[in-house]
Amino acid sequence: GVVASCVAARSVAELRSRPQSGRMRVMIVGDSFAPKVDGPRFFAECVIKQLVQDGHDVHVYCSNGDACIGPELHGASVTRGAGIQVFPTHSVTMPSIKFIGAVVRYKPDVVHLLDVHPGCIGFLLLCCLLSTPTVISHHSRIDLYSVGPRE
């Protein structure tokens, strides 16, 4: 708790010290994109569309399991990296050297991690090492998916 609070405070301070043009560079990292069909995908695509519409520069980092995503998604540029296939239409995005390269090239003001899974620890550590402010949001009910059938 204390370490996370210190990291968050440092990230906010760094973000505030950057020149403000009114336009943010947002990197969205996740695996809730087409062909997957669920609430998190709907949320992610709505966020991307709204940020682009508001004039922000958006970059998506997602796993290579989402083959129908090209170099652009709703006005956001896309880097496809490593993932672990868990279902035919779903790959969990994992941190890799390609992610570090994308952050260094793209220079985001903030990274938004769209889901909570073990790989997020790696993304958080890399963002911390790269002094990049990071937020995580979670849009699934893990408790419903992680238990057996209810009687």
# chains A, B, ... in the order shown; residues from 1 in each chain; ligands from 1
>>> select_by_dssp(residues="region 85-139 of chain A", states="helix (DSSP H, G or I)", output="list in words")
Ile97, Lys98, Phe99, Ile100, Gly101, Ala102, Val103, Val104, Arg105, Tyr106, Pro118, Gly119, Cys120, Ile121, Gly122, Phe123, Leu124, Leu125, Leu126, Cys127, Cys128 and Leu129 of chain A
>>> write_last_selection(atoms="N, CA, C and O atoms", output="PDB file, in the first residue's frame")
ATOM      1  N   ILE A  97       9.502  -7.127 -24.384  1.00  0.00           N
ATOM      2  CA  ILE A  97      10.416  -6.086 -24.859  1.00  0.00           C
ATOM      3  C   ILE A  97       9.711  -5.184 -25.879  1.00  0.00           C
ATOM      4  O   ILE A  97      10.006  -3.995 -25.982  1.00  0.00           O
ATOM      5  N   LYS A  98       8.760  -5.737 -26.600  1.00  0.00           N
ATOM      6  CA  LYS A  98       7.999  -4.944 -27.573  1.00  0.00           C
ATOM      7  C   LYS A  98       7.180  -3.852 -26.874  1.00  0.00           C
ATOM      8  O   LYS A  98       7.011  -2.760 -27.392  1.00  0.00           O
ATOM      9  N   PHE A  99       6.687  -4.152 -25.669  1.00  0.00           N
ATOM     10  CA  PHE A  99       5.949  -3.148 -24.891  1.00  0.00           C
ATOM     11  C   PHE A  99       6.881  -2.004 -24.502  1.00  0.00           C
ATOM     12  O   PHE A  99       6.528  -0.841 -24.630  1.00  0.00           O
ATOM     13  N   ILE A 100       8.091  -2.348 -24.030  1.00  0.00           N
ATOM     14  CA  ILE A 100       9.049  -1.304 -23.656  1.00  0.00           C
ATOM     15  C   ILE A 100       9.334  -0.415 -24.865  1.00  0.00           C
ATOM     16  O   ILE A 100       9.324   0.816 -24.767  1.00  0.00           O
ATOM     17  N   GLY A 101       9.549  -1.029 -26.021  1.00  0.00           N
ATOM     18  CA  GLY A 101       9.788  -0.261 -27.244  1.00  0.00           C
ATOM     19  C   GLY A 101       8.628   0.642 -27.588  1.00  0.00           C
ATOM     20  O   GLY A 101       8.820   1.794 -27.993  1.00  0.00           O
ATOM     21  N   ALA A 102       7.396   0.136 -27.416  1.00  0.00           N
ATOM     22  CA  ALA A 102       6.213   0.950 -27.726  1.00  0.00           C
ATOM     23  C   ALA A 102       6.118   2.157 -26.789  1.00  0.00           C
ATOM     24  O   ALA A 102       5.810   3.268 -27.232  1.00  0.00           O
ATOM     25  N   VAL A 103       6.408   1.960 -25.504  1.00  0.00           N
ATOM     26  CA  VAL A 103       6.360   3.073 -24.545  1.00  0.00           C
ATOM     27  C   VAL A 103       7.453   4.091 -24.865  1.00  0.00           C
ATOM     28  O   VAL A 103       7.202   5.300 -24.861  1.00  0.00           O
ATOM     29  N   VAL A 104       8.643   3.625 -25.172  1.00  0.00           N
ATOM     30  CA  VAL A 104       9.750   4.533 -25.490  1.00  0.00           C
ATOM     31  C   VAL A 104       9.448   5.330 -26.760  1.00  0.00           C
ATOM     32  O   VAL A 104       9.666   6.537 -26.813  1.00  0.00           O
ATOM     33  N   ARG A 105       8.918   4.667 -27.795  1.00  0.00           N
ATOM     34  CA  ARG A 105       8.598   5.362 -29.056  1.00  0.00           C
ATOM     35  C   ARG A 105       7.407   6.301 -28.902  1.00  0.00           C
ATOM     36  O   ARG A 105       7.414   7.413 -29.386  1.00  0.00           O
ATOM     37  N   TYR A 106       6.361   5.823 -28.238  1.00  0.00           N
ATOM     38  CA  TYR A 106       5.103   6.567 -28.165  1.00  0.00           C
ATOM     39  C   TYR A 106       5.140   7.669 -27.104  1.00  0.00           C
ATOM     40  O   TYR A 106       4.471   8.681 -27.239  1.00  0.00           O
ATOM     41  N   PRO A 118      -2.226 -11.595 -14.050  1.00  0.00           N
ATOM     42  CA  PRO A 118      -0.827 -11.650 -13.592  1.00  0.00           C
ATOM     43  C   PRO A 118       0.140 -10.814 -14.424  1.00  0.00           C
ATOM     44  O   PRO A 118       1.092 -10.254 -13.900  1.00  0.00           O
ATOM     45  N   GLY A 119      -0.099 -10.682 -15.711  1.00  0.00           N
ATOM     46  CA  GLY A 119       0.770  -9.877 -16.557  1.00  0.00           C
ATOM     47  C   GLY A 119       0.775  -8.405 -16.186  1.00  0.00           C
ATOM     48  O   GLY A 119       1.732  -7.686 -16.471  1.00  0.00           O
ATOM     49  N   CYS A 120      -0.296  -7.943 -15.544  1.00  0.00           N
ATOM     50  CA  CYS A 120      -0.374  -6.530 -15.146  1.00  0.00           C
ATOM     51  C   CYS A 120       0.749  -6.148 -14.182  1.00  0.00           C
ATOM     52  O   CYS A 120       1.197  -5.004 -14.187  1.00  0.00           O
ATOM     53  N   ILE A 121       1.190  -7.090 -13.370  1.00  0.00           N
ATOM     54  CA  ILE A 121       2.295  -6.802 -12.454  1.00  0.00           C
ATOM     55  C   ILE A 121       3.526  -6.406 -13.269  1.00  0.00           C
ATOM     56  O   ILE A 121       4.206  -5.441 -12.965  1.00  0.00           O
ATOM     57  N   GLY A 122       3.784  -7.149 -14.341  1.00  0.00           N
ATOM     58  CA  GLY A 122       4.905  -6.824 -15.220  1.00  0.00           C
ATOM     59  C   GLY A 122       4.738  -5.477 -15.890  1.00  0.00           C
ATOM     60  O   GLY A 122       5.681  -4.678 -15.962  1.00  0.00           O
ATOM     61  N   PHE A 123       3.519  -5.192 -16.392  1.00  0.00           N
ATOM     62  CA  PHE A 123       3.263  -3.887 -17.020  1.00  0.00           C
ATOM     63  C   PHE A 123       3.478  -2.763 -16.004  1.00  0.00           C
ATOM     64  O   PHE A 123       4.083  -1.736 -16.316  1.00  0.00           O
ATOM     65  N   LEU A 124       2.969  -2.946 -14.774  1.00  0.00           N
ATOM     66  CA  LEU A 124       3.143  -1.922 -13.739  1.00  0.00           C
ATOM     67  C   LEU A 124       4.608  -1.678 -13.421  1.00  0.00           C
ATOM     68  O   LEU A 124       5.047  -0.528 -13.305  1.00  0.00           O
ATOM     69  N   LEU A 125       5.382  -2.742 -13.271  1.00  0.00           N
ATOM     70  CA  LEU A 125       6.807  -2.596 -12.980  1.00  0.00           C
ATOM     71  C   LEU A 125       7.535  -1.881 -14.116  1.00  0.00           C
ATOM     72  O   LEU A 125       8.348  -0.985 -13.877  1.00  0.00           O
ATOM     73  N   LEU A 126       7.239  -2.258 -15.358  1.00  0.00           N
ATOM     74  CA  LEU A 126       7.886  -1.607 -16.494  1.00  0.00           C
ATOM     75  C   LEU A 126       7.513  -0.123 -16.568  1.00  0.00           C
ATOM     76  O   LEU A 126       8.379   0.721 -16.807  1.00  0.00           O
ATOM     77  N   CYS A 127       6.251   0.188 -16.344  1.00  0.00           N
ATOM     78  CA  CYS A 127       5.831   1.592 -16.374  1.00  0.00           C
ATOM     79  C   CYS A 127       6.512   2.383 -15.256  1.00  0.00           C
ATOM     80  O   CYS A 127       6.920   3.530 -15.453  1.00  0.00           O
ATOM     81  N   CYS A 128       6.642   1.768 -14.091  1.00  0.00           N
ATOM     82  CA  CYS A 128       7.320   2.420 -12.965  1.00  0.00           C
ATOM     83  C   CYS A 128       8.782   2.688 -13.321  1.00  0.00           C
ATOM     84  O   CYS A 128       9.287   3.790 -13.111  1.00  0.00           O
ATOM     85  N   LEU A 129       9.457   1.684 -13.886  1.00  0.00           N
ATOM     86  CA  LEU A 129      10.854   1.853 -14.287  1.00  0.00           C
ATOM     87  C   LEU A 129      11.013   2.920 -15.362  1.00  0.00           C
ATOM     88  O   LEU A 129      12.028   3.612 -15.416  1.00  0.00           O
TER      89      LEU A 129
END
>>> atom_distance(atom1="CA of Val58 (chain A)", atom2="CA of Leu130 (chain A)")
18.5 Å
>>> residues_around(residues="region 38-54 of chain A", least_positions_apart="6", cutoff="10 Å", atoms="only C-alpha atoms", output="PDB file with C-alpha atoms, in the first residue's frame")
ATOM      1  CA  GLY A  22      -4.584  20.146 -23.753  1.00  0.00           C
ATOM      2  CA  ARG A  23      -3.853  17.023 -25.765  1.00  0.00           C
ATOM      3  CA  MET A  24      -2.846  13.852 -23.942  1.00  0.00           C
ATOM      4  CA  ARG A  25      -0.938  10.857 -25.273  1.00  0.00           C
ATOM      5  CA  VAL A  26      -2.789   7.837 -23.859  1.00  0.00           C
ATOM      6  CA  MET A  27      -1.613   4.252 -24.232  1.00  0.00           C
ATOM      7  CA  ILE A  28      -4.323   1.660 -23.627  1.00  0.00           C
ATOM      8  CA  VAL A  29      -3.053  -1.842 -22.847  1.00  0.00           C
ATOM      9  CA  GLY A  30      -5.330  -4.840 -22.834  1.00  0.00           C
ATOM     10  CA  ASP A  31      -6.848  -7.804 -24.551  1.00  0.00           C
ATOM     11  CA  SER A  32     -10.523  -6.808 -24.661  1.00  0.00           C
ATOM     12  CA  VAL A  60      -3.354   0.606 -28.224  1.00  0.00           C
ATOM     13  CA  LEU A  73      -8.444   0.830 -34.156  1.00  0.00           C
ATOM     14  CA  HIS A  74     -11.127   3.528 -34.069  1.00  0.00           C
ATOM     15  CA  GLY A  75      -8.533   6.243 -34.767  1.00  0.00           C
ATOM     16  CA  ALA A  76      -5.889   4.857 -32.391  1.00  0.00           C
ATOM     17  CA  LEU A 114      -7.655  -2.424 -19.024  1.00  0.00           C
ATOM     18  CA  ASP A 115      -7.716  -5.562 -16.971  1.00  0.00           C
ATOM     19  CA  SER A 137      -9.416  -0.504 -14.443  1.00  0.00           C
ATOM     20  CA  HIS A 138     -11.225  -3.803 -14.165  1.00  0.00           C
ATOM     21  CA  HIS A 139     -14.466  -4.569 -15.993  1.00  0.00           C
ATOM     22  CA  SER A 140     -15.208  -8.234 -15.332  1.00  0.00           C
TER      23      SER A 140
END
>>> atom_distance(atom1="CA of Leu113 (chain A)", atom2="CA of Cys62 (chain A)")
10.4 Å
>>> select_by_dssp(residues="region 80-136 of chain A", states="strand (DSSP E)", output="MDAnalysis selection string")
chainID A and resid 80:81 83:87 90:93 110:113 134:136
>>> residues_around(residues="His112 (chain A)", least_positions_apart="2", cutoff="6 Å", atoms="only C-alpha atoms", output="number ranges by chain")
A: 28, 134-136
>>> write_last_selection(atoms="C-alpha atoms", output="PDB file, in the first residue's frame")
ATOM      1  CA  ILE A  28      -4.323   1.660 -23.627  1.00  0.00           C
ATOM      2  CA  THR A 134      -0.297   4.204 -14.953  1.00  0.00           C
ATOM      3  CA  VAL A 135      -3.908   3.428 -14.049  1.00  0.00           C
ATOM      4  CA  ILE A 136      -5.725   0.093 -13.953  1.00  0.00           C
TER       5      ILE A 136
END
>>> atom_distance(atom1="CA of Val110 (chain A)", atom2="CA of Ser131 (chain A)")
9.9 Å
>>> closest_residue(among="A:Thr132, A:Asp109, A:Phe33, A:His117", to="Val78 (chain A)", atoms="only C-alpha atoms")
A:Phe33
>>> closest_residue(among="A:Ser63, A:Pro133, A:Gly55, A:Val111", to="Gln85 (chain A)", atoms="only C-alpha atoms")
A:Ser63
